[in-house]
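Coordinates as given in structure32.txt (compact mmCIF, C-alpha atoms):
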# COMPACT_ATOMS: atom_id res chain seq x y z
CA MET A 1 70.06 9.95 -18.09
CA ARG A 2 69.90 9.10 -21.79
CA PRO A 3 68.43 5.57 -21.30
CA ALA A 4 65.75 7.04 -19.01
CA LEU A 5 64.75 9.62 -21.65
CA ALA A 6 64.81 6.99 -24.42
CA GLU A 7 62.56 4.78 -22.30
CA ARG A 8 60.07 7.65 -21.90
CA LEU A 9 60.00 8.09 -25.68
CA VAL A 10 59.24 4.39 -26.18
CA GLU A 11 56.47 4.66 -23.58
CA ARG A 12 55.00 7.63 -25.49
CA GLU A 13 54.91 5.59 -28.68
CA ARG A 14 53.24 2.69 -26.92
CA ILE A 15 50.54 4.81 -25.23
CA LEU A 16 49.79 6.99 -28.28
CA GLY A 17 49.73 4.05 -30.72
CA ALA A 18 47.41 2.01 -28.49
CA PHE A 19 45.13 4.99 -27.82
CA LEU A 20 44.64 5.93 -31.48
CA ALA A 21 44.17 2.31 -32.54
CA ALA A 22 41.50 1.78 -29.89
CA GLU A 23 39.75 5.15 -30.24
CA GLN A 24 39.92 5.82 -33.99
CA GLU A 25 36.22 5.12 -34.53
CA ALA A 26 35.15 7.17 -31.49
CA ILE A 27 37.40 10.01 -32.70
CA ALA A 28 35.81 9.94 -36.17
CA LEU A 29 32.30 9.97 -34.68
CA THR A 30 33.24 12.86 -32.39
CA CYS A 31 34.53 14.81 -35.40
CA LEU A 32 31.18 14.17 -37.09
CA ALA A 33 29.25 15.31 -34.01
CA LEU A 34 31.43 18.44 -33.81
CA ALA A 35 30.95 19.20 -37.51
CA ARG A 36 27.17 18.84 -37.18
CA ALA A 37 27.12 21.08 -34.10
CA PHE A 38 29.25 23.75 -35.81
CA SER A 39 27.15 23.58 -38.96
CA ARG A 40 24.05 24.29 -36.85
CA GLY A 41 25.70 27.36 -35.34
CA GLY A 42 27.16 25.86 -32.17
CA THR A 43 30.08 27.39 -30.28
CA LEU A 44 32.84 25.34 -28.66
CA PHE A 45 33.60 26.13 -25.01
CA VAL A 46 36.80 24.66 -23.61
CA PHE A 47 37.88 24.33 -20.01
CA GLY A 48 40.77 22.94 -17.99
CA SER A 49 42.48 24.03 -14.80
CA GLY A 50 46.11 23.98 -13.71
CA ALA A 51 48.38 22.92 -16.58
CA ALA A 52 45.29 21.84 -18.57
CA ALA A 53 44.21 25.50 -18.69
CA THR A 54 46.96 25.93 -21.29
CA ASP A 55 45.43 23.16 -23.39
CA ALA A 56 42.04 24.86 -23.21
CA ALA A 57 43.59 28.05 -24.58
CA HIS A 58 45.41 26.03 -27.23
CA VAL A 59 42.18 24.42 -28.45
CA ALA A 60 40.42 27.79 -28.67
CA VAL A 61 43.15 29.42 -30.76
CA GLU A 62 43.34 26.35 -33.02
CA PHE A 63 39.67 26.60 -33.98
CA VAL A 64 39.34 30.39 -34.12
CA HIS A 65 42.59 31.14 -35.93
CA PRO A 66 43.57 28.07 -37.97
CA VAL A 67 47.30 27.53 -38.53
CA ILE A 68 46.53 26.09 -41.93
CA VAL A 69 45.63 28.81 -44.38
CA GLY A 70 42.24 28.31 -45.99
CA LYS A 71 40.66 26.34 -43.16
CA ARG A 72 37.40 27.84 -41.98
CA ALA A 73 37.51 29.69 -38.65
CA LEU A 74 35.21 28.05 -36.12
CA PRO A 75 33.73 29.66 -33.00
CA ALA A 76 35.59 28.55 -29.88
CA VAL A 77 36.24 30.15 -26.51
CA SER A 78 38.45 29.03 -23.66
CA LEU A 79 36.93 29.69 -20.24
CA ALA A 80 40.21 28.78 -18.51
CA ASN A 81 41.43 32.39 -18.45
CA ASP A 82 38.05 33.85 -17.63
CA PRO A 83 38.07 35.40 -14.14
CA SER A 84 34.60 33.92 -13.59
CA GLY A 85 35.94 30.49 -14.52
CA SER A 86 33.66 27.72 -15.70
CA ALA A 87 30.66 29.55 -14.16
CA THR A 88 30.73 31.65 -17.35
CA LEU A 89 29.24 28.67 -19.15
CA GLY A 90 25.97 29.19 -17.25
CA ARG A 91 25.50 32.49 -19.05
CA LEU A 92 27.21 31.88 -22.39
CA GLY A 93 26.35 28.30 -23.23
CA SER A 94 23.08 27.18 -24.77
CA PRO A 95 21.66 23.98 -26.28
CA GLY A 96 23.50 23.12 -29.48
CA ASP A 97 26.83 24.39 -28.20
CA ILE A 98 29.73 22.10 -27.37
CA ALA A 99 31.68 21.77 -24.12
CA LEU A 100 35.15 20.22 -24.05
CA GLY A 101 36.70 19.56 -20.64
CA ILE A 102 40.38 18.63 -20.30
CA ASP A 103 41.89 16.90 -17.28
CA HIS A 104 45.41 15.44 -17.26
CA GLY A 105 44.43 13.24 -14.32
CA GLY A 106 40.91 12.02 -13.74
CA ASP A 107 39.68 13.83 -10.70
CA ASP A 108 39.69 17.58 -11.38
CA PRO A 109 36.49 18.78 -9.66
CA ASN A 110 36.54 21.97 -11.74
CA VAL A 111 36.26 19.97 -14.94
CA SER A 112 33.46 17.84 -13.44
CA VAL A 113 31.49 20.96 -12.52
CA PHE A 114 32.06 22.40 -16.00
CA LEU A 115 30.76 19.23 -17.69
CA GLU A 116 27.80 18.94 -15.31
CA GLN A 117 26.78 22.50 -16.08
CA ALA A 118 27.14 21.79 -19.79
CA ARG A 119 24.94 18.70 -19.57
CA ALA A 120 22.31 20.57 -17.58
CA ARG A 121 22.23 23.19 -20.34
CA LEU A 122 21.95 20.49 -23.04
CA LEU A 123 25.33 21.09 -24.65
CA LEU A 124 27.16 18.33 -26.48
CA THR A 125 29.88 17.27 -24.02
CA ILE A 126 33.38 15.88 -24.65
CA ALA A 127 35.77 14.89 -21.87
CA LEU A 128 39.52 14.24 -22.18
CA THR A 129 40.86 12.64 -19.04
CA GLY A 130 43.86 10.67 -17.78
CA ALA A 131 43.63 7.35 -16.02
CA GLY A 132 40.86 7.67 -13.49
CA PRO A 133 37.11 7.38 -13.10
CA PRO A 134 35.39 8.06 -16.41
CA ALA A 135 34.01 11.56 -16.72
CA CYS A 136 30.33 12.10 -17.40
CA ALA A 137 30.07 13.26 -21.01
CA ASP A 138 28.65 12.26 -24.40
CA HIS A 139 32.14 11.49 -25.72
CA VAL A 140 34.78 10.41 -23.20
CA PHE A 141 38.43 9.78 -24.05
CA VAL A 142 40.57 8.25 -21.32
CA VAL A 143 44.34 8.10 -21.86
CA GLY A 144 45.66 5.21 -19.81
CA SER A 145 48.93 6.47 -18.36
CA GLY A 146 50.07 7.53 -14.91
CA ASP A 147 52.55 9.97 -16.53
CA ALA A 148 50.68 13.29 -16.73
CA HIS A 149 53.07 14.55 -19.43
CA ILE A 150 52.29 11.60 -21.67
CA VAL A 151 48.56 12.00 -21.02
CA GLN A 152 48.82 15.65 -22.00
CA GLU A 153 50.75 14.92 -25.20
CA VAL A 154 48.24 12.28 -26.30
CA GLN A 155 45.42 14.73 -25.53
CA GLU A 156 47.20 17.38 -27.62
CA THR A 157 47.39 15.00 -30.56
CA LEU A 158 43.72 14.16 -29.96
CA TYR A 159 42.50 17.75 -29.98
CA HIS A 160 44.68 18.58 -32.96
CA VAL A 161 43.19 15.58 -34.81
CA LEU A 162 39.64 16.61 -33.83
CA TRP A 163 40.34 20.06 -35.23
CA GLU A 164 42.09 18.77 -38.38
CA LEU A 165 39.44 16.21 -39.23
CA VAL A 166 36.30 18.14 -38.36
CA HIS A 167 37.07 20.03 -41.58
CA VAL A 168 36.83 16.81 -43.61
CA PHE A 169 33.11 16.70 -42.88
CA PHE A 170 32.64 20.28 -44.07
CA GLU A 171 33.77 19.01 -47.48
CA HIS A 172 30.77 16.66 -47.41
CA PRO A 173 27.89 18.99 -46.56
CA GLY A 174 25.39 16.24 -47.40
CA LEU A 175 26.50 14.46 -44.23
CA LEU A 176 25.82 17.54 -42.14
CA ASP A 177 22.21 18.01 -43.13
CA ASP A 178 20.09 19.19 -40.33
CA ARG A 179 18.15 15.99 -40.62
CA CYS A 180 15.14 15.80 -38.38
CA ILE A 181 14.69 12.65 -36.33
CA THR A 182 10.96 12.95 -35.74
CA CYS A 183 9.82 14.53 -39.01
CA GLY A 184 9.18 11.30 -40.95
CA ASP A 185 5.82 9.76 -41.75
CA VAL A 186 6.05 7.24 -38.95
CA ALA A 187 6.96 7.46 -35.29
CA VAL A 188 10.50 6.38 -34.44
CA GLU A 189 12.29 5.08 -31.37
CA ALA A 190 15.01 7.28 -29.87
CA ARG A 191 16.91 7.42 -26.62
CA ILE A 192 16.71 10.35 -24.21
CA VAL A 193 20.19 11.76 -23.51
CA ALA A 194 19.22 14.84 -21.53
CA LEU A 195 16.17 16.08 -19.72
CA ASN A 196 15.13 19.57 -18.69
CA GLY A 197 11.61 19.77 -17.31
CA ALA A 198 9.11 19.02 -20.06
CA THR A 199 11.82 19.08 -22.74
CA ALA A 200 14.23 16.30 -23.61
CA VAL A 201 17.06 15.82 -26.06
CA ILE A 202 16.83 12.56 -27.96
CA GLU A 203 19.55 10.85 -29.94
CA ARG A 204 19.30 8.47 -32.86
CA ASP A 205 22.05 7.52 -35.35
CA GLY A 206 24.31 10.27 -34.05
CA LEU A 207 21.69 12.97 -34.54
CA ARG A 208 20.05 14.91 -31.75
CA GLU A 209 16.81 16.76 -31.40
CA GLU A 210 14.90 18.53 -28.71
CA ILE A 211 11.38 17.18 -28.14
CA ALA A 212 8.50 17.70 -25.73
CA VAL A 213 7.97 14.93 -23.16
CA ASP A 214 4.94 16.23 -21.29
CA LEU A 215 2.66 13.59 -22.84
CA VAL A 216 4.58 10.72 -21.24
CA ASP A 217 4.94 9.96 -17.55
CA ALA A 218 8.20 9.80 -15.63
CA VAL A 219 10.77 9.49 -18.36
CA GLY A 220 14.48 9.71 -17.54
CA VAL A 221 17.84 9.91 -19.25
CA GLY A 222 18.56 6.61 -20.95
CA ASP A 223 14.88 5.78 -21.59
CA LEU A 224 13.75 4.77 -25.03
CA VAL A 225 10.73 6.70 -26.30
CA LEU A 226 8.54 6.49 -29.35
CA CYS A 227 8.32 9.94 -30.85
CA HIS A 228 6.90 11.84 -33.79
CA ALA A 229 6.81 15.47 -34.88
CA GLY A 230 8.76 16.81 -31.94
CA VAL A 231 6.73 15.02 -29.30
CA ALA A 232 7.36 11.86 -27.24
CA LEU A 233 4.25 9.66 -27.58
CA GLU A 234 5.09 6.66 -25.47
CA LYS A 235 7.79 5.41 -23.14
CA LEU A 236 9.01 2.02 -24.35
CA GLN A 237 9.74 -0.77 -21.90
CA ARG A 238 13.39 -1.68 -21.46
CA GLU A 239 12.87 -5.18 -22.92
CA HIS A 240 11.85 -3.58 -26.19
CA ALA A 241 15.16 -1.73 -26.38
CA MET B 1 15.35 -3.61 -51.27
CA THR B 2 14.85 -0.21 -49.69
CA SER B 3 17.32 1.30 -52.17
CA PHE B 4 14.48 1.47 -54.69
CA LEU B 5 12.44 3.57 -52.29
CA TYR B 6 15.26 5.54 -50.70
CA PRO B 7 18.15 5.78 -53.17
CA PHE B 8 19.48 8.97 -51.58
CA LEU B 9 19.43 7.51 -48.09
CA GLU B 10 21.56 4.59 -49.21
CA ALA B 11 24.02 6.89 -51.00
CA ASP B 12 24.24 9.09 -47.91
CA GLU B 13 24.89 6.18 -45.64
CA SER B 14 27.66 4.71 -47.76
CA ASP B 15 29.23 8.18 -48.10
CA LEU B 16 29.20 8.54 -44.35
CA ALA B 17 30.81 5.14 -43.86
CA ALA B 18 33.50 5.96 -46.43
CA VAL B 19 34.28 9.36 -44.90
CA LEU B 20 34.39 7.91 -41.39
CA ALA B 21 36.77 5.21 -42.62
CA ASP B 22 39.02 7.88 -44.21
CA VAL B 23 39.01 9.89 -41.00
CA GLN B 24 39.95 6.83 -38.96
CA ALA B 25 42.86 5.94 -41.23
CA SER B 26 44.04 9.55 -41.17
CA THR B 27 43.92 9.58 -37.36
CA VAL B 28 46.18 6.53 -37.09
CA GLN B 29 48.60 7.97 -39.67
CA LYS B 30 48.90 11.26 -37.76
CA GLY B 31 49.96 9.27 -34.70
CA ARG B 32 52.69 7.56 -36.75
CA ASP B 33 53.86 10.95 -38.03
CA VAL B 34 54.42 12.42 -34.59
CA ILE B 35 56.09 9.24 -33.34
CA GLU B 36 58.57 9.54 -36.24
CA LEU B 37 59.32 13.19 -35.38
CA ARG B 38 59.89 12.31 -31.71
CA ARG B 39 62.41 9.63 -32.72
CA GLN B 40 64.55 12.40 -34.23
CA ILE B 41 64.88 14.34 -30.95
CA ASP B 42 68.56 14.75 -30.04
CA LEU B 43 68.54 13.38 -26.49
CA GLU B 44 72.18 14.40 -25.83
CA ALA B 45 71.23 17.99 -26.65
CA VAL B 46 68.19 17.73 -24.34
CA ILE B 47 70.45 16.56 -21.51
CA ALA B 48 73.00 19.36 -22.13
CA CYS B 49 70.28 22.03 -22.23
CA GLY B 50 68.50 20.65 -19.15
CA GLU B 51 71.73 20.63 -17.16
CA ALA B 52 72.52 24.21 -18.21
CA ILE B 53 69.02 25.33 -17.17
CA ARG B 54 69.39 23.60 -13.81
CA ALA B 55 72.75 25.32 -13.19
CA ARG B 56 71.10 28.73 -13.74
CA LEU B 57 68.11 27.92 -11.54
CA GLU B 58 70.39 26.70 -8.75
CA ARG B 59 72.18 30.07 -8.89
CA GLY B 60 68.86 31.79 -8.24
CA GLY B 61 67.71 32.27 -11.84
CA ARG B 62 64.17 31.89 -13.10
CA LEU B 63 62.70 30.24 -16.18
CA ILE B 64 61.02 32.80 -18.46
CA ALA B 65 59.13 31.18 -21.34
CA PHE B 66 57.44 32.78 -24.34
CA GLY B 67 55.77 31.95 -27.64
CA ASN B 68 52.93 33.01 -29.95
CA GLY B 69 49.53 31.36 -30.44
CA GLY B 70 49.57 27.65 -29.60
CA SER B 71 53.22 28.02 -28.59
CA SER B 72 52.21 30.65 -26.03
CA THR B 73 50.19 27.92 -24.32
CA ASP B 74 53.29 25.69 -24.45
CA ALA B 75 55.25 28.49 -22.76
CA GLN B 76 52.59 28.68 -20.04
CA ASP B 77 52.59 24.90 -19.73
CA VAL B 78 56.36 24.57 -19.28
CA ALA B 79 56.31 27.40 -16.72
CA ALA B 80 53.51 25.58 -14.84
CA ASP B 81 55.56 22.36 -14.84
CA PHE B 82 58.67 24.10 -13.47
CA LEU B 83 56.59 25.85 -10.79
CA ALA B 84 55.12 22.49 -9.79
CA SER B 85 58.68 21.16 -9.34
CA GLY B 86 59.56 24.01 -7.00
CA TRP B 87 61.39 26.31 -9.46
CA PRO B 88 60.57 29.95 -10.10
CA ALA B 89 59.10 30.27 -13.58
CA LEU B 90 56.75 32.47 -15.57
CA ALA B 91 55.38 32.85 -19.07
CA LEU B 92 55.38 36.23 -20.82
CA THR B 93 51.91 35.63 -22.26
CA ASN B 94 50.10 35.38 -18.94
CA ASP B 95 49.16 39.03 -18.84
CA ALA B 96 46.81 40.23 -21.58
CA ALA B 97 47.06 43.82 -20.32
CA THR B 98 50.82 43.93 -20.86
CA ILE B 99 50.71 42.12 -24.20
CA THR B 100 47.99 44.34 -25.64
CA ALA B 101 49.55 47.53 -24.24
CA VAL B 102 52.93 46.85 -25.83
CA ALA B 103 51.44 45.55 -29.08
CA ASN B 104 49.21 48.59 -29.36
CA ASP B 105 51.81 51.20 -28.40
CA VAL B 106 55.07 49.92 -29.88
CA GLY B 107 54.19 46.92 -32.01
CA GLN B 108 53.73 43.20 -31.53
CA GLU B 109 57.38 42.53 -32.40
CA ASN B 110 58.29 44.02 -29.02
CA VAL B 111 55.86 42.21 -26.71
CA PHE B 112 58.50 39.87 -25.26
CA ALA B 113 61.62 42.07 -25.45
CA ARG B 114 59.77 44.91 -23.72
CA GLN B 115 58.91 42.68 -20.76
CA LEU B 116 62.46 41.31 -20.49
CA ILE B 117 63.93 44.81 -20.14
CA PRO B 118 62.52 45.29 -16.62
CA LEU B 119 62.16 41.58 -15.75
CA GLY B 120 65.23 39.75 -17.07
CA ARG B 121 68.24 39.08 -14.82
CA THR B 122 71.64 37.61 -15.56
CA ASP B 123 70.96 34.20 -14.03
CA ASP B 124 67.58 33.78 -15.72
CA VAL B 125 66.76 31.37 -18.53
CA ALA B 126 64.87 32.42 -21.67
CA LEU B 127 62.98 29.57 -23.32
CA ALA B 128 61.41 30.59 -26.63
CA ILE B 129 59.01 28.33 -28.52
CA SER B 130 58.22 29.03 -32.17
CA THR B 131 57.06 26.61 -34.86
CA SER B 132 58.45 28.80 -37.66
CA GLY B 133 61.61 30.06 -35.97
CA SER B 134 61.18 33.40 -37.68
CA SER B 135 58.64 35.31 -35.59
CA ARG B 136 60.09 38.78 -35.08
CA ASN B 137 58.96 39.03 -31.47
CA ILE B 138 60.63 35.70 -30.65
CA VAL B 139 63.93 36.78 -32.23
CA ALA B 140 63.73 40.19 -30.52
CA GLY B 141 62.95 38.53 -27.17
CA LEU B 142 65.95 36.22 -27.44
CA GLU B 143 68.18 39.13 -28.47
CA GLU B 144 67.10 41.07 -25.39
CA ALA B 145 67.67 37.99 -23.19
CA HIS B 146 71.15 37.57 -24.69
CA ARG B 147 71.96 41.25 -24.02
CA ARG B 148 71.04 40.63 -20.39
CA LEU B 149 73.34 37.57 -20.29
CA MET B 150 70.44 35.21 -19.72
CA LEU B 151 70.78 31.60 -20.90
CA THR B 152 69.03 31.48 -24.28
CA CYS B 153 67.15 28.35 -25.38
CA ALA B 154 64.79 27.93 -28.32
CA VAL B 155 62.53 25.16 -29.61
CA THR B 156 61.44 25.54 -33.21
CA GLY B 157 60.33 23.76 -36.39
CA GLY B 158 60.65 23.89 -40.18
CA ASP B 159 64.27 24.60 -41.14
CA GLY B 160 64.91 26.57 -37.95
CA GLY B 161 64.12 29.88 -39.64
CA ARG B 162 65.91 32.99 -38.43
CA LEU B 163 66.78 31.32 -35.13
CA ARG B 164 69.41 29.27 -36.98
CA GLU B 165 71.23 32.48 -37.84
CA LEU B 166 71.66 33.50 -34.18
CA ALA B 167 75.24 32.28 -33.60
CA TRP B 168 75.14 33.21 -29.92
CA LEU B 169 72.04 31.15 -29.13
CA ASP B 170 73.00 28.70 -26.36
CA HIS B 171 70.60 25.83 -27.17
CA LEU B 172 68.44 25.28 -30.25
CA PHE B 173 66.08 22.38 -31.03
CA VAL B 174 64.70 22.18 -34.56
CA VAL B 175 61.85 19.75 -35.29
CA ARG B 176 62.40 19.41 -39.03
CA ASN B 177 58.84 19.54 -40.27
CA ASP B 178 56.49 22.23 -41.56
CA TYR B 179 53.20 20.79 -40.35
CA VAL B 180 52.39 22.82 -37.25
CA PRO B 181 50.19 20.37 -35.25
CA ARG B 182 52.80 17.56 -35.31
CA VAL B 183 55.64 20.05 -34.67
CA GLN B 184 53.81 21.39 -31.60
CA GLU B 185 53.21 17.87 -30.27
CA THR B 186 56.95 17.17 -30.62
CA HIS B 187 57.76 20.49 -28.92
CA ALA B 188 55.68 19.34 -25.95
CA THR B 189 57.82 16.20 -25.71
CA ILE B 190 61.05 18.23 -25.89
CA TYR B 191 60.13 20.59 -23.08
CA HIS B 192 58.67 17.76 -21.00
CA LEU B 193 61.99 15.90 -21.35
CA LEU B 194 63.90 19.11 -20.50
CA HIS B 195 61.77 19.38 -17.37
CA ARG B 196 62.65 15.79 -16.53
CA VAL B 197 66.40 16.43 -16.92
CA VAL B 198 66.20 19.55 -14.73
CA GLY B 199 64.33 17.56 -12.08
CA ALA B 200 62.78 18.85 -8.89
CA ARG B 201 64.33 21.48 -6.65
CA SER B 202 66.15 19.77 -3.77
If you took the structure in this file and wrote it as C-alpha cells, what would it be?
Amino acid sequence: MRPALAERLVERERILGAFLAAEQEAIALTCLALARAFSRGGTLFVFGSGAAATDAAHVAVEFVHPVIVGKRALPAVSLANDPSGSATLGRLGSPGDIALGIDHGGDDPNVSVFLEQARARLLLTIALTGAGPPACADHVFVVGSGDAHIVQEVQETLYHVLWELVHVFFEHPGLLDDRCITCGDVAVEARIVALNGATAVIERDGLREEIAVDLVDAVGVGDLVLCHAGVALEKLQREHA
Amino acid sequence: MTSFLYPFLEADESDLAAVLADVQASTVQKGRDVIELRRQIDLEAVIACGEAIRARLERGGRLIAFGNGGSSTDAQDVAADFLASGWPALALTNDAATITAVANDVGQENVFARQLIPLGRTDDVALAISTSGSSRNIVAGLEEAHRRLMLTCAVTGGDGGRLRELAWLDHLFVVRNDYVPRVQETHATIYHLLHRVVGARS
C-alpha cells in the first residue's frame, strides 16, 4: 500500500507543479480582474455540484471571513447550498459581478448552466474544470488529471491563491482605477465579449465597459468595434484585427 | 517618446507589470510550499488509520466527519467521497437548522457533541478536521465520540493544539505549519489518501 500512496504523492507534485508553471500568468491576470471587479462593487457567486459543492462553500467562506487577520472581507456567496440552486443567479447576479464555477471533471451540466446564465447576465466568468472539454468562461483553468482528487486539490490551491493574491492588488489602488475605455479624445478599438440586445460589453487591456451598439449593424461576440464615449461607431473588418 | 506626454500612463504600466510578476512568482512559491508539506505526511500512519476505519465500517459503522469554516467543507467532502465508494457517511455541518439551533441555545462549542449524543454509535468513526487543533467544539465532539466508544481520528495543523493533549485519541495527523491555506490543502491530501486506503465497499 505504501508505494501506491507514495506514487500518488509524486503524481500530485507533478500535476500541481506543471499547472502553476503553465498558468501563473493567467492566474495573476485573473487576480487583477477579480480585484477590479471587487473594487467596482462586484459580488462573487460560486457554484459546484456533488463534491465540488463543498469547494463552492469553501471559496465563499474564504472571501467573506478571511482566515488571515487584517485581510479585507470581500462579498462572496455560494449557491451550492441554495435550495433554488444555480437558478438563484438569475435573480441575484448583475453585470459587474463575478461567477466562479467548479467542476472536478469536465462535464457537469449544472456548472455549464450556471456559467451560461452568468454570461447572459454579463458577469465576469471563471471556470475551474478537470480534464475535459473547455468550459465557456472568460477565464478557464483546466487541471489535466484523470484523478478527481488531484484535480480537486489543485483547484483548492488555485482558489486559495486567487483569494490570497487578489489582496495584493488592493495594495496598489492605482492599478484598480475605474479607467474608462471609451472616454479618451479619440475613438479606440475594442473587442465585444458579451452582447445583450442593444448593449454590449467590450474588453480592452483587461478592462471592460458596457457600451451601446445600436448604431452598428449585426455585431456579435468576438467582433472588433471602433468606439467612443460609450457608443460603438463602426464594426471593423476581421482583417483589421 | 510618449512618456513625455503620458508620464503617469508609463508609470502605471510598469507598476502593473511589476505587480503581476510578483504575483506570478508568489503563485509558484505557494505550490512549492504545499508540495513540501505533503512530503511530510506519515504514510504508515495513514495506512494504519485507513485500515482501522475500514474495520469499523465493515462492522456496520458509519463515518461522521466535522470541522469549522473551510474545514467544515472538508468534512462534507470526505463524507461525499465515502458515500460515493458505497460507505455510510455524513458530515455534521450539513444541516444549518441544527447548527444554528445548538449554537444559539447552548453555545457553538456544543454543535458537534450535541449531534453525536443522539447520532453516535459504538462502531462509528469520528473524523475531526481542524487547522488549529484547539477549537472547543472539535475537542468536545471528539470527547463525546470517545465516550460513545467511536473510533476517534483527527487531522490538524500548527503544533497540534489541544488535540495533542488527548491521550486517548486513536489517530492524529498534524501538518506542522501555521499558514491555513497550505495546511488545508495538505489536509485534503491526507483524507483523500485515507479514502484510498479504506477503498470501496465490496
Exercise. Hey, list the chain A side of the contact with chain B: 9 Å cut-off, all atoms listed in the file, answer as JSON, numbers by chain.
Key: {"A": [1, 2, 5, 6, 8, 9, 10, 12, 13, 16, 17, 20, 21, 23, 24, 25, 26, 27, 28, 29, 31, 32, 50, 51, 52, 53, 54, 55, 56, 57, 58, 59, 61, 62, 65, 67, 68, 149, 150, 152, 153, 154, 156, 157, 158, 160, 161, 162, 164, 165, 168, 169, 172, 174, 175]}
Got time to write the residues from that selection, C-alpha atoms, as a PDB file, in the coordinates of the input?
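Generated file (out07.pdb):
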ATOM      1  CA  MET A   1      70.060   9.950 -18.090  1.00  0.00           C
ATOM      2  CA  ARG A   2      69.900   9.100 -21.790  1.00  0.00           C
ATOM      3  CA  LEU A   5      64.750   9.620 -21.650  1.00  0.00           C
ATOM      4  CA  ALA A   6      64.810   6.990 -24.420  1.00  0.00           C
ATOM      5  CA  ARG A   8      60.070   7.650 -21.900  1.00  0.00           C
ATOM      6  CA  LEU A   9      60.000   8.090 -25.680  1.00  0.00           C
ATOM      7  CA  VAL A  10      59.240   4.390 -26.180  1.00  0.00           C
ATOM      8  CA  ARG A  12      55.000   7.630 -25.490  1.00  0.00           C
ATOM      9  CA  GLU A  13      54.910   5.590 -28.680  1.00  0.00           C
ATOM     10  CA  LEU A  16      49.790   6.990 -28.280  1.00  0.00           C
ATOM     11  CA  GLY A  17      49.730   4.050 -30.720  1.00  0.00           C
ATOM     12  CA  LEU A  20      44.640   5.930 -31.480  1.00  0.00           C
ATOM     13  CA  ALA A  21      44.170   2.310 -32.540  1.00  0.00           C
ATOM     14  CA  GLU A  23      39.750   5.150 -30.240  1.00  0.00           C
ATOM     15  CA  GLN A  24      39.920   5.820 -33.990  1.00  0.00           C
ATOM     16  CA  GLU A  25      36.220   5.120 -34.530  1.00  0.00           C
ATOM     17  CA  ALA A  26      35.150   7.170 -31.490  1.00  0.00           C
ATOM     18  CA  ILE A  27      37.400  10.010 -32.700  1.00  0.00           C
ATOM     19  CA  ALA A  28      35.810   9.940 -36.170  1.00  0.00           C
ATOM     20  CA  LEU A  29      32.300   9.970 -34.680  1.00  0.00           C
ATOM     21  CA  CYS A  31      34.530  14.810 -35.400  1.00  0.00           C
ATOM     22  CA  LEU A  32      31.180  14.170 -37.090  1.00  0.00           C
ATOM     23  CA  GLY A  50      46.110  23.980 -13.710  1.00  0.00           C
ATOM     24  CA  ALA A  51      48.380  22.920 -16.580  1.00  0.00           C
ATOM     25  CA  ALA A  52      45.290  21.840 -18.570  1.00  0.00           C
ATOM     26  CA  ALA A  53      44.210  25.500 -18.690  1.00  0.00           C
ATOM     27  CA  THR A  54      46.960  25.930 -21.290  1.00  0.00           C
ATOM     28  CA  ASP A  55      45.430  23.160 -23.390  1.00  0.00           C
ATOM     29  CA  ALA A  56      42.040  24.860 -23.210  1.00  0.00           C
ATOM     30  CA  ALA A  57      43.590  28.050 -24.580  1.00  0.00           C
ATOM     31  CA  HIS A  58      45.410  26.030 -27.230  1.00  0.00           C
ATOM     32  CA  VAL A  59      42.180  24.420 -28.450  1.00  0.00           C
ATOM     33  CA  VAL A  61      43.150  29.420 -30.760  1.00  0.00           C
ATOM     34  CA  GLU A  62      43.340  26.350 -33.020  1.00  0.00           C
ATOM     35  CA  HIS A  65      42.590  31.140 -35.930  1.00  0.00           C
ATOM     36  CA  VAL A  67      47.300  27.530 -38.530  1.00  0.00           C
ATOM     37  CA  ILE A  68      46.530  26.090 -41.930  1.00  0.00           C
ATOM     38  CA  HIS A 149      53.070  14.550 -19.430  1.00  0.00           C
ATOM     39  CA  ILE A 150      52.290  11.600 -21.670  1.00  0.00           C
ATOM     40  CA  GLN A 152      48.820  15.650 -22.000  1.00  0.00           C
ATOM     41  CA  GLU A 153      50.750  14.920 -25.200  1.00  0.00           C
ATOM     42  CA  VAL A 154      48.240  12.280 -26.300  1.00  0.00           C
ATOM     43  CA  GLU A 156      47.200  17.380 -27.620  1.00  0.00           C
ATOM     44  CA  THR A 157      47.390  15.000 -30.560  1.00  0.00           C
ATOM     45  CA  LEU A 158      43.720  14.160 -29.960  1.00  0.00           C
ATOM     46  CA  HIS A 160      44.680  18.580 -32.960  1.00  0.00           C
ATOM     47  CA  VAL A 161      43.190  15.580 -34.810  1.00  0.00           C
ATOM     48  CA  LEU A 162      39.640  16.610 -33.830  1.00  0.00           C
ATOM     49  CA  GLU A 164      42.090  18.770 -38.380  1.00  0.00           C
ATOM     50  CA  LEU A 165      39.440  16.210 -39.230  1.00  0.00           C
ATOM     51  CA  VAL A 168      36.830  16.810 -43.610  1.00  0.00           C
ATOM     52  CA  PHE A 169      33.110  16.700 -42.880  1.00  0.00           C
ATOM     53  CA  HIS A 172      30.770  16.660 -47.410  1.00  0.00           C
ATOM     54  CA  GLY A 174      25.390  16.240 -47.400  1.00  0.00           C
ATOM     55  CA  LEU A 175      26.500  14.460 -44.230  1.00  0.00           C
TER      56      LEU A 175
END
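Across B:Leu92, B:Gly67, B:Arg56, B:Ser132, the tightest approach to B:Leu149 is made by B:Arg56 when counting only C-alpha atoms.
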Self-check item: Nearest-residue call for B:Asp170, choices B:Ala128, B:Val102, B:Ile117, B:Cys49, using all atoms listed in the file
Solution: B:Cys49
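Coordinates place atom CA of A:Asn196 at a distance of 25.2 Å from atom CA of A:Leu128.
With atom CA of A:Ala127 on one side and atom CA of A:Gly144 on the other, the separation reads 14.0 Å.
What separates atom CA of B:Leu127 from atom CA of B:His171 is a distance of 9.3 Å.
Minimum atom-to-atom distances from A:Thr88, A:Arg121, A:Gly197, A:Lys71 to A:Glu171 were compared using all atoms listed in the file, and the lowest value belongs to A:Lys71.
Non-sequential neighbours of A:Cys183 (distance at most 8 Å, separation of 5 or more positions within a chain, only C-alpha atoms) are His228, Ala229 and Gly230 of chain A.
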Quiz item: Counting all atoms listed in the file, what is within 8 Å of A:Leu34, bar same-chain residues fewer than 4 positions away, as a list in words?
Solution: Thr30, Phe38, Ile98 and Val166 of chain A
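Residue nearest A:Val221 within the list A:Leu92, A:Ala120, A:Ala135, A:Ala73: A:Ala120 [criterion: smallest interatomic distance, all atoms listed in the file].
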